[in-house]
Amino acid sequence: MKAARITRQQHVVSKVLLKQFAMDEPDDRGPQVRPVDVHFPDRSNKLKSARACGWADNFIAFDSASAEDLWNSVEVRAPAAFKAVHAGTPFADPLHVETLRDLIVLHYVRSHRYRDVYANAFTTVRAKIPGELVERFPEPLRREALRQTGLHLTGADALNAYAERLVEQSEVTQDFGSGALFRTSIESMFHKVRAESSNWHLEVLRPESGQFLIGDNPALSVRTDTSPWLCNMAFGDAHSIVLPITPRHLLALGRKNAVGAIPRALMDKINTVQILAADHYVYMHPRSTRLEAFARETAKRWRPDPVSPYRASTSATGSKKS
């Protein structure tokens, strides 16, 4: 029954967040954003509704309603926090600070990047276990094989094959295949990163000129000691976690609560890492023509390979679309 509780089109970028980058069209199409395909930056893309962007097909393939409830517990608080940001009073209410920090954590965890890391880690460990079982427990394996199959396994190849079968039939491997393990893993990671982020303060930053764009993998761990910045390192190795929340506002985890302005050059670096880290698309306000040109040129310069870094594990975790 739980396996059937699946929302097929699951947003990895919250609709309430994408709407901050949107413009209402006069023909009742709803809030629209301008997408740029970072794989094929010269391709012309029509405006798209915020609802139709930033989602993945069956991102969580088992009991997704459980995770959706968790995400919604953050997203339902976002409009009030955004209103405080626009008013210039994000720190007037501690609940707004908590909500904005949780929004960073949500998008850091609910991401193509995390699913790729999770799948690769499982695959790596899974490949090692049969050999380790044979090396450490050869006699118990032989006895279990005799009990289950009635066969005396004497050769190394036969014992390895039996260990492989045991691992393949294990509950953990079955849960990985069904998606149940990913759901529990991503929910657990959300709570872990949320606890770790409580040791950081919140910065709300505005560009002195220009606008931010947002990618479909928007909350990024960054190191600022290279050019372009490195991104997607482990939480503990990062200088900050950044998340654009409007064309004129960026959230960053820092050493103290602060509201401030950043120069155009720094804004360009932040937009660049959004383009580098995107799975497929970056999005911006429909009238951001200069930013659209910047996104296209940056993608052509820094992303010559039209293959997403997050596509390596799609065979294990299901197909994805933005």
# chains A, B, ... in the order shown; residues from 1 in each chain; ligands from 1
call {"tool": "closest_atom_pairs", "arguments": {"of": "stretch 5-122 of chain A", "to": "stretch 236-241 of chain A", "cutoff": "10 Å", "atoms": "only C-alpha atoms", "output": "Markdown table"}}
result
| residue | atom | partner | partner_atom | distance |
| --- | --- | --- | --- | --- |
| A:Arg101 | CA | A:Ile241 | CA | 9.9 |
| A:Ile104 | CA | A:Ile241 | CA | 7.5 |
| A:Val105 | CA | A:Ile241 | CA | 8.8 |
| A:Tyr108 | CA | A:Ile241 | CA | 8.2 |
call {"tool": "write_last_selection", "arguments": {"atoms": "all heavy atoms", "output": "PDB file, in the first residue's frame"}}
result
ATOM      1  N   ARG A 101      16.313  29.225   7.140  1.00  0.00           N
ATOM      2  CA  ARG A 101      17.389  28.241   7.285  1.00  0.00           C
ATOM      3  C   ARG A 101      16.896  26.865   6.876  1.00  0.00           C
ATOM      4  O   ARG A 101      17.602  26.107   6.185  1.00  0.00           O
ATOM      5  CB  ARG A 101      17.899  28.221   8.724  1.00  0.00           C
ATOM      6  CG  ARG A 101      19.176  27.387   8.875  1.00  0.00           C
ATOM      7  CD  ARG A 101      19.589  27.210  10.318  1.00  0.00           C
ATOM      8  NE  ARG A 101      20.062  28.447  10.894  1.00  0.00           N
ATOM      9  CZ  ARG A 101      19.444  29.103  11.880  1.00  0.00           C
ATOM     10  NH1 ARG A 101      18.303  28.631  12.369  1.00  0.00           N
ATOM     11  NH2 ARG A 101      19.951  30.207  12.361  1.00  0.00           N
ATOM     12  N   ILE A 104      16.901  26.446   3.142  1.00  0.00           N
ATOM     13  CA  ILE A 104      18.220  26.099   2.624  1.00  0.00           C
ATOM     14  C   ILE A 104      18.460  24.600   2.774  1.00  0.00           C
ATOM     15  O   ILE A 104      18.871  23.918   1.830  1.00  0.00           O
ATOM     16  CB  ILE A 104      19.323  26.886   3.366  1.00  0.00           C
ATOM     17  CG1 ILE A 104      19.192  28.384   3.118  1.00  0.00           C
ATOM     18  CG2 ILE A 104      20.706  26.397   2.928  1.00  0.00           C
ATOM     19  CD1 ILE A 104      20.155  29.232   3.945  1.00  0.00           C
ATOM     20  N   VAL A 105      18.200  24.074   3.966  1.00  0.00           N
ATOM     21  CA  VAL A 105      18.425  22.648   4.235  1.00  0.00           C
ATOM     22  C   VAL A 105      17.568  21.784   3.323  1.00  0.00           C
ATOM     23  O   VAL A 105      18.040  20.787   2.753  1.00  0.00           O
ATOM     24  CB  VAL A 105      18.133  22.334   5.713  1.00  0.00           C
ATOM     25  CG1 VAL A 105      18.226  20.824   5.974  1.00  0.00           C
ATOM     26  CG2 VAL A 105      19.094  23.088   6.620  1.00  0.00           C
ATOM     27  N   TYR A 108      19.028  21.767  -0.120  1.00  0.00           N
ATOM     28  CA  TYR A 108      20.334  21.114  -0.123  1.00  0.00           C
ATOM     29  C   TYR A 108      20.170  19.596  -0.146  1.00  0.00           C
ATOM     30  O   TYR A 108      20.908  18.892  -0.844  1.00  0.00           O
ATOM     31  CB  TYR A 108      21.130  21.549   1.110  1.00  0.00           C
ATOM     32  CG  TYR A 108      22.487  20.904   1.233  1.00  0.00           C
ATOM     33  CD1 TYR A 108      23.552  21.306   0.429  1.00  0.00           C
ATOM     34  CD2 TYR A 108      22.716  19.890   2.162  1.00  0.00           C
ATOM     35  CE1 TYR A 108      24.800  20.722   0.551  1.00  0.00           C
ATOM     36  CE2 TYR A 108      23.956  19.301   2.285  1.00  0.00           C
ATOM     37  CZ  TYR A 108      25.000  19.723   1.484  1.00  0.00           C
ATOM     38  OH  TYR A 108      26.234  19.128   1.600  1.00  0.00           O
TER      39      TYR A 108
END
call {"tool": "residues_around", "arguments": {"residues": "A:Asp93", "least_positions_apart": "6", "cutoff": "12 Å", "atoms": "only C-alpha atoms", "output": "MDAnalysis selection string"}}
result
chainID A and resid 80:81 83:85 99:100
call {"tool": "write_last_selection", "arguments": {"atoms": "N, CA, C and O atoms", "output": "PDB file, in the first residue's frame"}}
result
ATOM      1  N   ALA A  80       5.350  33.787   4.472  1.00  0.00           N
ATOM      2  CA  ALA A  80       5.492  34.813   5.510  1.00  0.00           C
ATOM      3  C   ALA A  80       6.948  35.229   5.666  1.00  0.00           C
ATOM      4  O   ALA A  80       7.254  36.417   5.863  1.00  0.00           O
ATOM      5  N   ALA A  81       7.861  34.268   5.561  1.00  0.00           N
ATOM      6  CA  ALA A  81       9.288  34.589   5.668  1.00  0.00           C
ATOM      7  C   ALA A  81       9.741  35.422   4.476  1.00  0.00           C
ATOM      8  O   ALA A  81      10.524  36.369   4.622  1.00  0.00           O
ATOM      9  N   LYS A  83       7.895  37.462   2.776  1.00  0.00           N
ATOM     10  CA  LYS A  83       7.330  38.792   2.977  1.00  0.00           C
ATOM     11  C   LYS A  83       8.227  39.619   3.895  1.00  0.00           C
ATOM     12  O   LYS A  83       8.464  40.817   3.657  1.00  0.00           O
ATOM     13  N   ALA A  84       8.758  38.981   4.935  1.00  0.00           N
ATOM     14  CA  ALA A  84       9.663  39.681   5.853  1.00  0.00           C
ATOM     15  C   ALA A  84      10.964  40.059   5.151  1.00  0.00           C
ATOM     16  O   ALA A  84      11.527  41.141   5.390  1.00  0.00           O
ATOM     17  N   VAL A  85      11.462  39.192   4.269  1.00  0.00           N
ATOM     18  CA  VAL A  85      12.678  39.500   3.512  1.00  0.00           C
ATOM     19  C   VAL A  85      12.441  40.715   2.617  1.00  0.00           C
ATOM     20  O   VAL A  85      13.259  41.643   2.563  1.00  0.00           O
ATOM     21  N   THR A  99      12.638  29.383   9.425  1.00  0.00           N
ATOM     22  CA  THR A  99      12.046  28.964   8.155  1.00  0.00           C
ATOM     23  C   THR A  99      13.036  29.124   7.011  1.00  0.00           C
ATOM     24  O   THR A  99      13.186  28.225   6.171  1.00  0.00           O
ATOM     25  N   LEU A 100      13.721  30.244   6.952  1.00  0.00           N
ATOM     26  CA  LEU A 100      14.668  30.485   5.866  1.00  0.00           C
ATOM     27  C   LEU A 100      15.842  29.518   5.933  1.00  0.00           C
ATOM     28  O   LEU A 100      16.314  29.009   4.907  1.00  0.00           O
TER      29      LEU A 100
END
call {"tool": "atom_distance", "arguments": {"atom1": "atom CA of A:Ser227", "atom2": "atom CA of A:His112"}}
result
23.4 Å
call {"tool": "closest_atom_pairs", "arguments": {"of": "stretch 178-212 of chain A", "to": "stretch 55-77 of chain A", "cutoff": "8 Å", "atoms": "only C-alpha atoms", "output": "tab-separated table"}}
result
residue	atom	partner	partner_atom	distance
A:Ser178	CA	A:Phe62	CA	6.6
A:Gly179	CA	A:Phe62	CA	5.1
A:Ala180	CA	A:Phe62	CA	5.2
A:Phe182	CA	A:Ile60	CA	7.1
A:Arg183	CA	A:Ile60	CA	6.2
A:Glu187	CA	A:Ala67	CA	6.7
call {"tool": "closest_atom_pairs", "arguments": {"of": "stretch 257-294 of chain A", "to": "stretch 30-49 of chain A", "cutoff": "7 Å", "atoms": "only C-alpha atoms", "output": "Markdown table"}}
result
| residue | atom | partner | partner_atom | distance |
| --- | --- | --- | --- | --- |
| A:Ile275 | CA | A:Val38 | CA | 6.8 |
| A:His280 | CA | A:Val38 | CA | 5.8 |
| A:Tyr281 | CA | A:Asp37 | CA | 4.7 |
| A:Val282 | CA | A:Val36 | CA | 5.4 |
| A:Tyr283 | CA | A:Pro35 | CA | 4.5 |
| A:Met284 | CA | A:Arg34 | CA | 5.3 |
| A:His285 | CA | A:Val33 | CA | 5.4 |
| A:Pro286 | CA | A:Arg34 | CA | 4.9 |
call {"tool": "select_by_dssp", "arguments": {"residues": "stretch 116-290 of chain A", "states": "alpha helix (DSSP H)", "output": "JSON, numbers by chain"}}
result
{"A": [116, 117, 118, 119, 120, 121, 122, 123, 124, 125, 126, 127, 128, 129, 130, 131, 132, 133, 134, 135, 136, 138, 139, 140, 141, 142, 143, 144, 145, 146, 147, 148, 149, 156, 157, 158, 159, 160, 161, 162, 163, 164, 165, 166, 167, 168, 169, 171, 172, 173, 174, 175, 176, 177, 178, 180, 181, 182, 183, 184, 185, 186, 187, 188, 189, 190, 191, 192, 193, 194, 195, 196, 197, 264, 265, 266, 267, 268, 269, 270, 271, 272, 273, 274, 275, 276, 277, 289, 290]}
call {"tool": "residues_around", "arguments": {"residues": "stretch 265-272 of chain A", "least_positions_apart": "3", "cutoff": "8 Å", "atoms": "only C-alpha atoms", "output": "list in words"}}
result
Pro207, Gly210, Gln211, Phe212, Leu213, Ile214, Pro228, Trp229, Ile262, Ile275, Leu276, Ala295 and Thr298 of chain A
call {"tool": "atom_distance", "arguments": {"atom1": "atom CA of A:Arg115", "atom2": "atom CA of A:Ser14"}}
result
16.8 Å
